[in-house]
6 protein chains.
Amino acid sequence: MTAAFPLTAPHPLLYDDILRRAFAEDLGRGGDLTTEAIVAPDAAGRGVIAARKPGVVAGLAVASRAFELFDPAVRFGAALCDGTRVEAGQVLASVEGPARSLLTAERTALNLLGRLSGIATVTAEVVTLVAGTGAAVTCTRKTTPGLRVLEKYAVRAGGGVNHRFGLDDAVLVKDNHLVLAGSVTEAVRRVRARAGHMVKIEVEVDSLEQLDELLEVGADAVLLDNLGPDRLRAGVERVAGRLITEASGGITPATARPVAESGVDLMSIGWLTHSAPNLDVGLDL
Amino acid sequence: MTAAFPLTAPHPLLYDDILRRAFAEDLGRGGDLTTEAIVAPDAAGRGVIAARKPGVVAGLAVASRAFELFDPAVRFGAALCDGTRVEAGQVLASVEGPARSLLTAERTALNLLGRLSGIATVTAEVVTLVAGTGAAVTCTRKTTPGLRVLEKYAVRAGGGVNHRFGLDDAVLVKDNHLVLAGSVTEAVRRVRARAGHMVKIEVEVDSLEQLDELLEVGADAVLLDNLGPDRLRAGVERVAGRLITEASGGITPATARPVAESGVDLMSIGWLTHSAPNLDVGLDL
Amino acid sequence: MTAAFPLTAPHPLLYDDILRRAFAEDLGRGGDLTTEAIVAPDAAGRGVIAARKPGVVAGLAVASRAFELFDPAVRFGAALCDGTRVEAGQVLASVEGPARSLLTAERTALNLLGRLSGIATVTAEVVTLVAGTGAAVTCTRKTTPGLRVLEKYAVRAGGGVNHRFGLDDAVLVKDNHLVLAGSVTEAVRRVRARAGHMVKIEVEVDSLEQLDELLEVGADAVLLDNLGPDRLRAGVERVAGRLITEASGGITPATARPVAESGVDLMSIGWLTHSAPNLDVGLDL
Amino acid sequence: MTAAFPLTAPHPLLYDDILRRAFAEDLGRGGDLTTEAIVAPDAAGRGVIAARKPGVVAGLAVASRAFELFDPAVRFGAALCDGTRVEAGQVLASVEGPARSLLTAERTALNLLGRLSGIATVTAEVVTLVAGTGAAVTCTRKTTPGLRVLEKYAVRAGGGVNHRFGLDDAVLVKDNHLVLAGSVTEAVRRVRARAGHMVKIEVEVDSLEQLDELLEVGADAVLLDNLGPDRLRAGVERVAGRLITEASGGITPATARPVAESGVDLMSIGWLTHSAPNLDVGLDL
Amino acid sequence: MTAAFPLTAPHPLLYDDILRRAFAEDLGRGGDLTTEAIVAPDAAGRGVIAARKPGVVAGLAVASRAFELFDPAVRFGAALCDGTRVEAGQVLASVEGPARSLLTAERTALNLLGRLSGIATVTAEVVTLVAGTGAAVTCTRKTTPGLRVLEKYAVRAGGGVNHRFGLDDAVLVKDNHLVLAGSVTEAVRRVRARAGHMVKIEVEVDSLEQLDELLEVGADAVLLDNLGPDRLRAGVERVAGRLITEASGGITPATARPVAESGVDLMSIGWLTHSAPNLDVGLDL
Amino acid sequence: MTAAFPLTAPHPLLYDDILRRAFAEDLGRGGDLTTEAIVAPDAAGRGVIAARKPGVVAGLAVASRAFELFDPAVRFGAALCDGTRVEAGQVLASVEGPARSLLTAERTALNLLGRLSGIATVTAEVVTLVAGTGAAVTCTRKTTPGLRVLEKYAVRAGGGVNHRFGLDDAVLVKDNHLVLAGSVTEAVRRVRARAGHMVKIEVEVDSLEQLDELLEVGADAVLLDNLGPDRLRAGVERVAGRLITEASGGITPATARPVAESGVDLMSIGWLTHSAPNLDVGLDL
């Protein structure tokens, strides 16, 4: 299913504070001593932001907004769209404006662009690994504190789909909850009595017995945790389309394909957001 | 040189806002639907936070403060100090208190603990690689936006030393600045006229000729960028102790030792903070 | 379906800022001139918060937190739980502590308690009106700016269920969206390609023809807007359980019962939050 | 006494944060899923904001600012001024710009416009009821937490006058204060010793005896609480212009005229702000 | 007229943000490097805060709160009350607690205590100069941006009375307003039509002719600007108690007494807040 | 050493919040009652900001930004640069725009301009007093809470140089630290083990014996506290260029020259920031 329109970056109202805090921590109380000392206030500059390594880009609108927030006189021209796969050396955007502003705002803009592109890149790698299987790649709540809105977007830019954004927009019953509820059946009964009609319910199971119990009581989705490809396949067969099926637990590039071939609808991977290395991007004036 | 006292975590005034924002993005507008539905309000719980992989721990005080901020009734007992190397399975801390609070605050606390420990772990790996050479390992401004104070601390927990915190606490003249100044000599002249007497000045050079020019004009430190072990060694010899010498540029675990053996005082590595994978830590109730 | 545990008020992390801003706008820059002038700093006071009119209470924990935030020395003892129906004159809580704090913090605490109880009261009235029909009562996004988290809670306290909290936790395709999409079918196709697997999709229809088209393409819920009892009943029959059915549009206390008897699962009512009169509550020292 | 110039809306510096928080709670962490999925990024739209019911308008500048803050490309054209009485169906403003922005920002803008217009409408109703009597209609501190600056403005738009804005800009000695002071005389003595020379002093009395005592000691204004028309008239006569007279306590549309005809200068009514139903306003694209 | 109770310091809700920002700018991103390096984490300390010069103290509760906010383990014992005149060397308070906390929080606490005491001191000097004349000493809006609530309090601690807190709690018609209104009469007419009944009106006049016009039209207070003692006395005589009289304009310690002897009710002095030197206070461990 | 470029004012990202808070405390909840009542909304105004006393100007960009933030329609034209010495009556800037905005924003803009110019003025006075001696004038951490970034800038505008900005950008070992460390040698050892390579270390000594010990162990700078000109000169001679020398303690205009002639590199003076009287600046429409 392809989206009707290109990916939409989050509205700046959702991340301007992230940018302001980033500038505040970088400028400190004295500003950019080096640039103020060396660069003439009226010097103009231009340059390009380029990838130093291959990857998938995410965050160009965020980088653009960073320069704009720092100095509206900087012009930022994106050379491509978020979600595009780029080669090492490929130009992502051009920037032009007061040289001081380019130099001082550069790091904040690139730190975000590199991080988001890093997430998009590893997401795209897994998406490619499982291409053709019908399994989607999704993320978790293991995001960098304060950056969830942007990191969830980066997953979408990499071709993944978003899991819930937080604790309040969907129910996910985990193993600890099951222990405290006593059974899958009781857990589902309790969440149904609490969650509104527009909230989906997913339950984590770690055995086929639990899965059978869940199928009996019903839900929207099941998280099949650490089952291994064989039991995953068995699980998917038992579900027979009655629940959305999601695999999780220790999925690596090496195991992604076998997991996907089990027939699950999705696989969720924490390291897409918590351990993706930055994509190396640089600004050449 | 060993510090007189154990590592001191940042004061909560420096990161409470990070925690509040992290909870806000996780709780959203509806709170933890699942836990509220399933767990009795008066249920008590206890558990341990343990490493799932070996590494170096950082952020225990931050995790403790996260639980405290969420619910002062939670008791957090650290089993060891930040900076300690741990094995897979080793217990880092115990938590005890209202079961709901443990379950709801868990992710925010672990996201930070995992990230900071990840940075400490890779830092410690490099520190170990260069042990005995006299070279220290230092970080850059390539930190996660908004988390610099914590990530710089994690580098210290891993045995590294901090480079400047931002643009205002030290001067670092980079290649782009040199181009705009016209020469190393002119760049240094300009920064001396601007920087206060308590601000150190470092200049990046990418050739031995530039280094000679810098030695002529003087500074506090030199950043020897992308020189390679041989020219690094030649550079260190020419400096002969008159400047602090720092190597940078593409240093990997594989090249760290040769770089360190060139005799430099420090090597700075961006990926300590921008690409360290989280240390896998979990809460077992 | 009854919840396993009593209603849980939102976590203070979700509304402390509301309280701080309320105190800030009331204290201004000079504080409570009258109380400071007249009441001795060491005078103690005690009193009860009572309903002046019958209704359903919501916000006791919020009122308690208001006093605590203003002065931790105030003790607040709730006499009953949120969601309780009370008579005029019935005591809701007792307060005890420094007389100055009681007098100065009173208005902020009561403004919130009165508003939330007002919402709970009108919600409960509609819930009572439709009792036995199987129809639940739900709210909309027509909440007071800045207070959504609390007002949504008040709806739950009144026996209602929450609709989505915002634009991001569920899809609701409205008439304007349908016009821009061209058809129900195309609209659903587009949202399916965008929304994650944990997001429910509801579509507003204003005719049985549109409903038929929606049944063809499928969704999680349908909003039957302004159809009137007869067409509502017809709609519910056609749906035959395949979608959650929600009635909306100009529902009043007079029409609530007939609407409910059409067999819909829910009815959504904007005035629960945007036009509920405060429940009159007072503090008697 | 007519004002020299049209009513002036509050400066955006006083309410931009209200708008930002309102957008934040509506956009959540994922933005407007429905609109992003369905509406083309370059689709333009235009529409009118119209009243669905008759009333008095307040908040057009606030609604305009909401659209501007969300997207400066939206053009908002007010068709009339705040304080204008409108019929059902009457157009209040036109909006034009990116269709996505119109759809996403609509609810926040209308929630505020509807609420403020609701307050202006009930205020104007009471003002009309007492027309010709010389009594002005005024508000209280029973406003929605966080919105006082806007709600006080809405009272002015409805033809009312503002009472004090908080606890620090005027003294109002209430019954509880009198009890703690021991007497009207002592209370006034105490506040005079504390309040600056630019602060007015009002005292609540609930009997003619207290009024006599107040006239003896002097003040700027008297709040005649729950006296009933006859005693109110007697009170006004005794005051004989020496104090501003204000009636309060349980004033309803039914009792407003008799109260006003007692000759009081003002009547204060809490429900103008705490219980006014929203004026129904809608956006038709 | 003496107040019934001792001076009350502002509620911490009104200045905690001032303290947090002060700590943030002092701790920066790295905290107190010196103290962390040198002082053992478990070292305890005690000390006294003493005046180095004679003056009047203000801000002890603020200083106490600063230490408490930084570290609740610090105990602060005030030796006297705000508003007390102290000699050089006199102890103002004792502090006891973790030595690190005392050293790190000291500067923030003392910066505020010194500034507020400085304002109280100069205020008290003028109050003493005019003692017995019946003239009170008052302040202006020329306060340090962000600190008005505290600086207005310091004026009270010095024995002065507060003028309005801002632009919204009282009307002050100044020369520029008069020019734009055309006349004193028209200006007063306009403000009466706008200001609520609880707002006092003061008009600045710079000639006796303007004063006559003001007496004709009426107001609450008159600001006699730059009139000189003789015309001041003439003005006070003409007013004959019908207005509060306030002198302003270039009042110095040398001219304060003659101004006061003119019979004015108050004299307002900008330099009480904008140019008072700090009172020198220090912490001796 | 002259700077290559004119003084650069801090980036607005570093002080916009200061301006917003200043406007918030001045506008309160009701805005500028007087101006709204008297001045027509479409009245235009123009005026000049002029010095009423001679001095050195600082903060023109800040004042300009204040007007811009309040109303982008105001045009502010600076007549000269920060750091310029002006005569009484000299025009500093022109302003033009809506008369209401000029009148309402005036006080906030002038309060900051006056304060910063006051600091620049006293700094320049000391700089002039010591001209030709080679001693620079520097500031301390005794700044107004919340305004450090601006006040440090004002010192530069007056020709001074900045000492450290906070506790984290340089080490300053003071007398209390020395007591706790036991000796100068041990103190230096401890800070070296903690401070990063880009952090300078200064130690306060109050005797020549301590100085000798410091010269033995080494550091970047020495603070010679309260030594008096003779011992200062002896100290400078012993240092012989091995440390930056800074004099402090009770330096007054009368003693500044003798202190400077001792040969020290800098003298630090707290009252530059904590006790400078405002420069009197006014707006004439």
# chains A, B, ... in the order shown; residues from 1 in each chain; ligands from 1
$ interface_residues --of "chain E" --to "chain D" --cutoff "7 Å" --atoms "only C-alpha atoms" --output "ChimeraX atom specification"
/E:1-4,161-164,169-170,190,193-194,196,198-200
$ write_last_selection --atoms "N, CA and C atoms" --output "PDB file, in the first residue's frame"
ATOM      1  N   MET E   1       0.871  54.236  60.319  1.00  0.00           N
ATOM      2  CA  MET E   1       0.069  53.011  60.349  1.00  0.00           C
ATOM      3  C   MET E   1       0.995  51.811  60.310  1.00  0.00           C
ATOM      4  N   THR E   2       1.020  51.002  61.349  1.00  0.00           N
ATOM      5  CA  THR E   2       1.912  49.847  61.317  1.00  0.00           C
ATOM      6  C   THR E   2       1.143  48.589  60.921  1.00  0.00           C
ATOM      7  N   ALA E   3       1.822  47.744  60.183  1.00  0.00           N
ATOM      8  CA  ALA E   3       1.200  46.509  59.732  1.00  0.00           C
ATOM      9  C   ALA E   3       0.930  45.603  60.930  1.00  0.00           C
ATOM     10  N   ALA E   4      -0.099  44.787  60.779  1.00  0.00           N
ATOM     11  CA  ALA E   4      -0.478  43.899  61.867  1.00  0.00           C
ATOM     12  C   ALA E   4       0.545  42.786  62.059  1.00  0.00           C
ATOM     13  N   VAL E 161       6.834  51.995  50.286  1.00  0.00           N
ATOM     14  CA  VAL E 161       5.577  51.386  49.847  1.00  0.00           C
ATOM     15  C   VAL E 161       5.659  51.190  48.344  1.00  0.00           C
ATOM     16  N   ASN E 162       4.914  50.212  47.869  1.00  0.00           N
ATOM     17  CA  ASN E 162       4.991  49.901  46.453  1.00  0.00           C
ATOM     18  C   ASN E 162       4.056  50.760  45.618  1.00  0.00           C
ATOM     19  N   HIS E 163       4.606  51.228  44.523  1.00  0.00           N
ATOM     20  CA  HIS E 163       3.753  51.797  43.477  1.00  0.00           C
ATOM     21  C   HIS E 163       3.190  50.618  42.683  1.00  0.00           C
ATOM     22  N   ARG E 164       2.539  50.889  41.573  1.00  0.00           N
ATOM     23  CA  ARG E 164       1.938  49.784  40.814  1.00  0.00           C
ATOM     24  C   ARG E 164       3.000  48.760  40.385  1.00  0.00           C
ATOM     25  N   ASP E 169      -2.221  47.161  36.661  1.00  0.00           N
ATOM     26  CA  ASP E 169      -2.888  47.194  37.968  1.00  0.00           C
ATOM     27  C   ASP E 169      -3.218  48.602  38.437  1.00  0.00           C
ATOM     28  N   ALA E 170      -2.823  49.585  37.685  1.00  0.00           N
ATOM     29  CA  ALA E 170      -3.221  50.959  37.991  1.00  0.00           C
ATOM     30  C   ALA E 170      -2.952  51.781  36.739  1.00  0.00           C
ATOM     31  N   ARG E 190     -10.974  59.398  29.040  1.00  0.00           N
ATOM     32  CA  ARG E 190     -10.691  58.149  28.322  1.00  0.00           C
ATOM     33  C   ARG E 190     -10.332  57.008  29.274  1.00  0.00           C
ATOM     34  N   ALA E 193     -13.304  55.529  31.086  1.00  0.00           N
ATOM     35  CA  ALA E 193     -14.168  54.686  30.259  1.00  0.00           C
ATOM     36  C   ALA E 193     -13.565  53.294  30.052  1.00  0.00           C
ATOM     37  N   ARG E 194     -12.277  53.157  30.354  1.00  0.00           N
ATOM     38  CA  ARG E 194     -11.605  51.886  30.087  1.00  0.00           C
ATOM     39  C   ARG E 194     -11.283  51.107  31.356  1.00  0.00           C
ATOM     40  N   GLY E 196     -11.362  49.439  34.973  1.00  0.00           N
ATOM     41  CA  GLY E 196     -12.389  48.863  35.826  1.00  0.00           C
ATOM     42  C   GLY E 196     -12.541  49.663  37.107  1.00  0.00           C
ATOM     43  N   MET E 198     -12.009  48.837  40.051  1.00  0.00           N
ATOM     44  CA  MET E 198     -11.047  48.544  41.107  1.00  0.00           C
ATOM     45  C   MET E 198      -9.653  49.057  40.752  1.00  0.00           C
ATOM     46  N   VAL E 199      -9.555  49.904  39.758  1.00  0.00           N
ATOM     47  CA  VAL E 199      -8.262  50.400  39.292  1.00  0.00           C
ATOM     48  C   VAL E 199      -8.138  51.883  39.626  1.00  0.00           C
ATOM     49  N   LYS E 200      -7.054  52.242  40.295  1.00  0.00           N
ATOM     50  CA  LYS E 200      -6.859  53.648  40.611  1.00  0.00           C
ATOM     51  C   LYS E 200      -6.222  54.393  39.442  1.00  0.00           C
TER      52      LYS E 200
END
$ select_by_dssp --residues "segment 117-208 of chain D" --states "helix (DSSP H, G or I)" --output "MDAnalysis selection string"
chainID D and resid 117:129 148:157 175:181 184:194 208
$ write_last_selection --atoms "N, CA and C atoms" --output "compact mmCIF listing (two decimals), in the first residue's frame"
# COMPACT_ATOMS: atom_id res chain seq x y z
N SER D 117 -16.46 33.68 22.98
CA SER D 117 -17.73 34.22 22.51
C SER D 117 -18.87 33.79 23.43
N GLY D 118 -18.75 32.60 23.98
CA GLY D 118 -19.77 32.16 24.93
C GLY D 118 -19.81 33.06 26.15
N ILE D 119 -18.67 33.43 26.64
CA ILE D 119 -18.61 34.32 27.80
C ILE D 119 -19.14 35.70 27.44
N ALA D 120 -18.74 36.19 26.27
CA ALA D 120 -19.23 37.51 25.85
C ALA D 120 -20.74 37.49 25.69
N THR D 121 -21.25 36.37 25.23
CA THR D 121 -22.69 36.28 24.98
C THR D 121 -23.49 36.33 26.27
N VAL D 122 -23.10 35.55 27.26
CA VAL D 122 -23.88 35.60 28.50
C VAL D 122 -23.68 36.93 29.21
N THR D 123 -22.49 37.49 29.08
CA THR D 123 -22.28 38.81 29.69
C THR D 123 -23.22 39.82 29.05
N ALA D 124 -23.27 39.80 27.73
CA ALA D 124 -24.12 40.76 27.03
C ALA D 124 -25.59 40.55 27.38
N GLU D 125 -25.96 39.31 27.63
CA GLU D 125 -27.36 39.06 28.01
C GLU D 125 -27.70 39.75 29.32
N VAL D 126 -26.81 39.65 30.27
CA VAL D 126 -27.07 40.31 31.56
C VAL D 126 -27.00 41.82 31.39
N VAL D 127 -26.03 42.29 30.61
CA VAL D 127 -25.93 43.74 30.38
C VAL D 127 -27.24 44.26 29.79
N THR D 128 -27.80 43.51 28.87
CA THR D 128 -29.07 43.92 28.26
C THR D 128 -30.19 43.90 29.29
N LEU D 129 -30.18 42.88 30.12
CA LEU D 129 -31.24 42.78 31.12
C LEU D 129 -31.27 43.97 32.07
N ARG D 148 -7.24 33.19 32.31
CA ARG D 148 -7.86 34.38 32.90
C ARG D 148 -7.74 35.61 32.01
N VAL D 149 -6.56 35.83 31.46
CA VAL D 149 -6.38 37.04 30.65
C VAL D 149 -7.38 37.08 29.49
N LEU D 150 -7.64 35.93 28.89
CA LEU D 150 -8.58 35.90 27.76
C LEU D 150 -10.03 35.99 28.24
N GLU D 151 -10.34 35.31 29.31
CA GLU D 151 -11.73 35.32 29.77
C GLU D 151 -12.14 36.69 30.32
N LYS D 152 -11.21 37.36 30.97
CA LYS D 152 -11.51 38.71 31.45
C LYS D 152 -11.77 39.63 30.24
N TYR D 153 -10.98 39.41 29.20
CA TYR D 153 -11.20 40.18 27.97
C TYR D 153 -12.59 39.90 27.38
N ALA D 154 -12.98 38.64 27.39
CA ALA D 154 -14.29 38.29 26.83
C ALA D 154 -15.42 38.97 27.59
N VAL D 155 -15.25 39.13 28.88
CA VAL D 155 -16.25 39.85 29.66
C VAL D 155 -16.36 41.30 29.16
N ARG D 156 -15.21 41.90 28.90
CA ARG D 156 -15.25 43.28 28.37
C ARG D 156 -15.91 43.30 27.00
N ALA D 157 -15.62 42.29 26.19
CA ALA D 157 -16.23 42.25 24.84
C ALA D 157 -17.75 42.14 24.94
N ASP D 175 -15.73 37.25 53.83
CA ASP D 175 -16.26 36.83 55.13
C ASP D 175 -15.23 36.09 55.98
N ASN D 176 -14.49 35.19 55.37
CA ASN D 176 -13.48 34.47 56.15
C ASN D 176 -12.43 35.42 56.71
N HIS D 177 -12.05 36.42 55.93
CA HIS D 177 -11.08 37.40 56.44
C HIS D 177 -11.67 38.16 57.62
N LEU D 178 -12.94 38.52 57.51
CA LEU D 178 -13.55 39.29 58.60
C LEU D 178 -13.55 38.49 59.90
N VAL D 179 -13.86 37.21 59.77
CA VAL D 179 -13.85 36.36 60.96
C VAL D 179 -12.47 36.37 61.60
N LEU D 180 -11.45 36.25 60.77
CA LEU D 180 -10.09 36.19 61.30
C LEU D 180 -9.60 37.54 61.83
N ALA D 181 -10.13 38.62 61.26
CA ALA D 181 -9.71 39.95 61.74
C ALA D 181 -10.47 40.32 63.01
N VAL D 184 -14.93 44.40 60.98
CA VAL D 184 -14.72 45.15 59.75
C VAL D 184 -13.66 46.23 59.99
N THR D 185 -13.76 46.88 61.11
CA THR D 185 -12.85 47.99 61.40
C THR D 185 -11.40 47.52 61.46
N GLU D 186 -11.21 46.43 62.16
CA GLU D 186 -9.85 45.92 62.28
C GLU D 186 -9.33 45.42 60.93
N ALA D 187 -10.20 44.79 60.16
CA ALA D 187 -9.78 44.30 58.85
C ALA D 187 -9.33 45.45 57.97
N VAL D 188 -10.10 46.51 57.95
CA VAL D 188 -9.74 47.64 57.11
C VAL D 188 -8.43 48.27 57.61
N ARG D 189 -8.30 48.39 58.91
CA ARG D 189 -7.06 48.94 59.45
C ARG D 189 -5.85 48.13 58.97
N ARG D 190 -6.01 46.82 59.01
CA ARG D 190 -4.89 45.97 58.62
C ARG D 190 -4.55 46.10 57.13
N VAL D 191 -5.55 46.12 56.30
CA VAL D 191 -5.23 46.18 54.87
C VAL D 191 -4.68 47.54 54.50
N ARG D 192 -5.15 48.59 55.17
CA ARG D 192 -4.60 49.91 54.86
C ARG D 192 -3.11 49.98 55.19
N ALA D 193 -2.72 49.28 56.22
CA ALA D 193 -1.31 49.30 56.61
C ALA D 193 -0.45 48.49 55.65
N ARG D 194 -1.06 47.69 54.84
CA ARG D 194 -0.29 46.81 53.96
C ARG D 194 -0.36 47.21 52.49
N LEU D 208 -26.57 44.94 57.08
CA LEU D 208 -26.52 46.40 57.08
C LEU D 208 -25.70 46.90 58.27
$ residues_around --residues "segment 209-213 of chain F" --least-positions-apart "4" --cutoff "8 Å" --atoms "only C-alpha atoms" --output "PyMOL selection string"
chain F and resi 184-185+205+217+222+235+238
$ residues_around --residues "Ala61 of chain B" --least-positions-apart "6" --cutoff "12 Å" --atoms "only C-alpha atoms" --output "list in words"
Leu7, Thr8, Ala9, Pro10, His11, Pro12, Tyr15, Asp16, Phe67, Glu68, Leu69, Phe76, Gly77, Ala78, Ala79, Leu80, Cys81, Asp82, Gly83, Leu92, Ala93, Ala109, Leu110, Leu112, Leu113, Leu116, Leu150, Tyr153 and Ala154 of chain B
$ residues_around --residues "Thr252 of chain C" --least-positions-apart "2" --cutoff "12 Å" --atoms "only C-alpha atoms" --output "ChimeraX atom specification"
/C:122-123,125-126,129-130,248-250,254-260,267-272
$ select_by_dssp --residues "segment 27-237 of chain A" --states "strand (DSSP E or B)" --output "ChimeraX atom specification"
/A:44-51,55-56,75-78,85-86,91-98,136-138,161,171-173,199,201-205,221-225
$ closest_residue --among "D:Gln90, D:Thr104, D:Asn278, D:Thr273" --to "Leu33 of chain D" --atoms "only C-alpha atoms"
D:Thr104
$ residues_around --residues "Asp284 of chain D" --least-positions-apart "2" --cutoff "7 Å" --atoms "only C-alpha atoms" --output "list in words"
Gly47, Val48, Ile49 and Gly282 of chain D
$ write_last_selection --atoms "C-alpha atoms" --output "compact mmCIF listing (two decimals), in the first residue's frame"
# COMPACT_ATOMS: atom_id res chain seq x y z
CA GLY D 47 -13.62 28.89 4.07
CA VAL D 48 -15.63 30.97 6.43
CA ILE D 49 -16.03 30.85 10.15
CA GLY D 282 -17.97 26.38 12.81
$ decode --residues "segment 189-193 of chain B" --atoms "all heavy atoms" --output "CSV table (one decimal), in the first residue's frame"
chain,number,residue,atom,x,y,z
B,189,ARG,N,45.8,35.5,16.1
B,189,ARG,CA,45.8,36.9,16.5
B,189,ARG,C,44.4,37.3,16.8
B,189,ARG,O,44.1,38.0,17.8
B,189,ARG,CB,46.4,37.8,15.4
B,189,ARG,CG,46.8,39.2,15.8
B,189,ARG,CD,47.1,40.1,14.7
B,189,ARG,NE,45.9,40.3,13.9
B,189,ARG,CZ,44.9,41.2,14.2
B,189,ARG,NH1,45.0,41.8,15.4
B,189,ARG,NH2,43.9,41.3,13.4
B,190,ARG,N,43.5,37.0,16.0
B,190,ARG,CA,42.1,37.4,16.2
B,190,ARG,C,41.4,36.8,17.4
B,190,ARG,O,40.7,37.5,18.1
B,190,ARG,CB,41.2,37.0,14.9
B,190,ARG,CG,41.6,37.9,13.7
B,190,ARG,CD,40.7,37.6,12.5
B,190,ARG,NE,41.1,38.3,11.3
B,190,ARG,CZ,40.6,38.2,10.1
B,190,ARG,NH1,39.5,37.4,10.0
B,190,ARG,NH2,41.0,38.9,9.1
B,191,VAL,N,41.7,35.5,17.6
B,191,VAL,CA,41.0,34.9,18.8
B,191,VAL,C,41.6,35.4,20.1
B,191,VAL,O,40.9,35.6,21.1
B,191,VAL,CB,41.0,33.4,18.8
B,191,VAL,CG1,40.2,32.9,17.6
B,191,VAL,CG2,42.4,32.8,18.8
B,192,ARG,N,42.9,35.7,20.1
B,192,ARG,CA,43.5,36.3,21.3
B,192,ARG,C,42.9,37.6,21.7
B,192,ARG,O,42.8,37.9,22.8
B,192,ARG,CB,45.0,36.4,21.1
B,192,ARG,CG,45.8,35.2,21.3
B,192,ARG,CD,47.3,35.5,21.5
B,192,ARG,NE,48.0,34.2,21.6
B,192,ARG,CZ,49.1,34.0,20.9
B,192,ARG,NH1,49.6,34.9,20.1
B,192,ARG,NH2,49.7,32.8,21.0
B,193,ALA,N,42.6,38.4,20.6
B,193,ALA,CA,42.0,39.7,20.9
B,193,ALA,C,40.6,39.6,21.4
B,193,ALA,O,40.0,40.5,22.0
B,193,ALA,CB,42.0,40.5,19.7
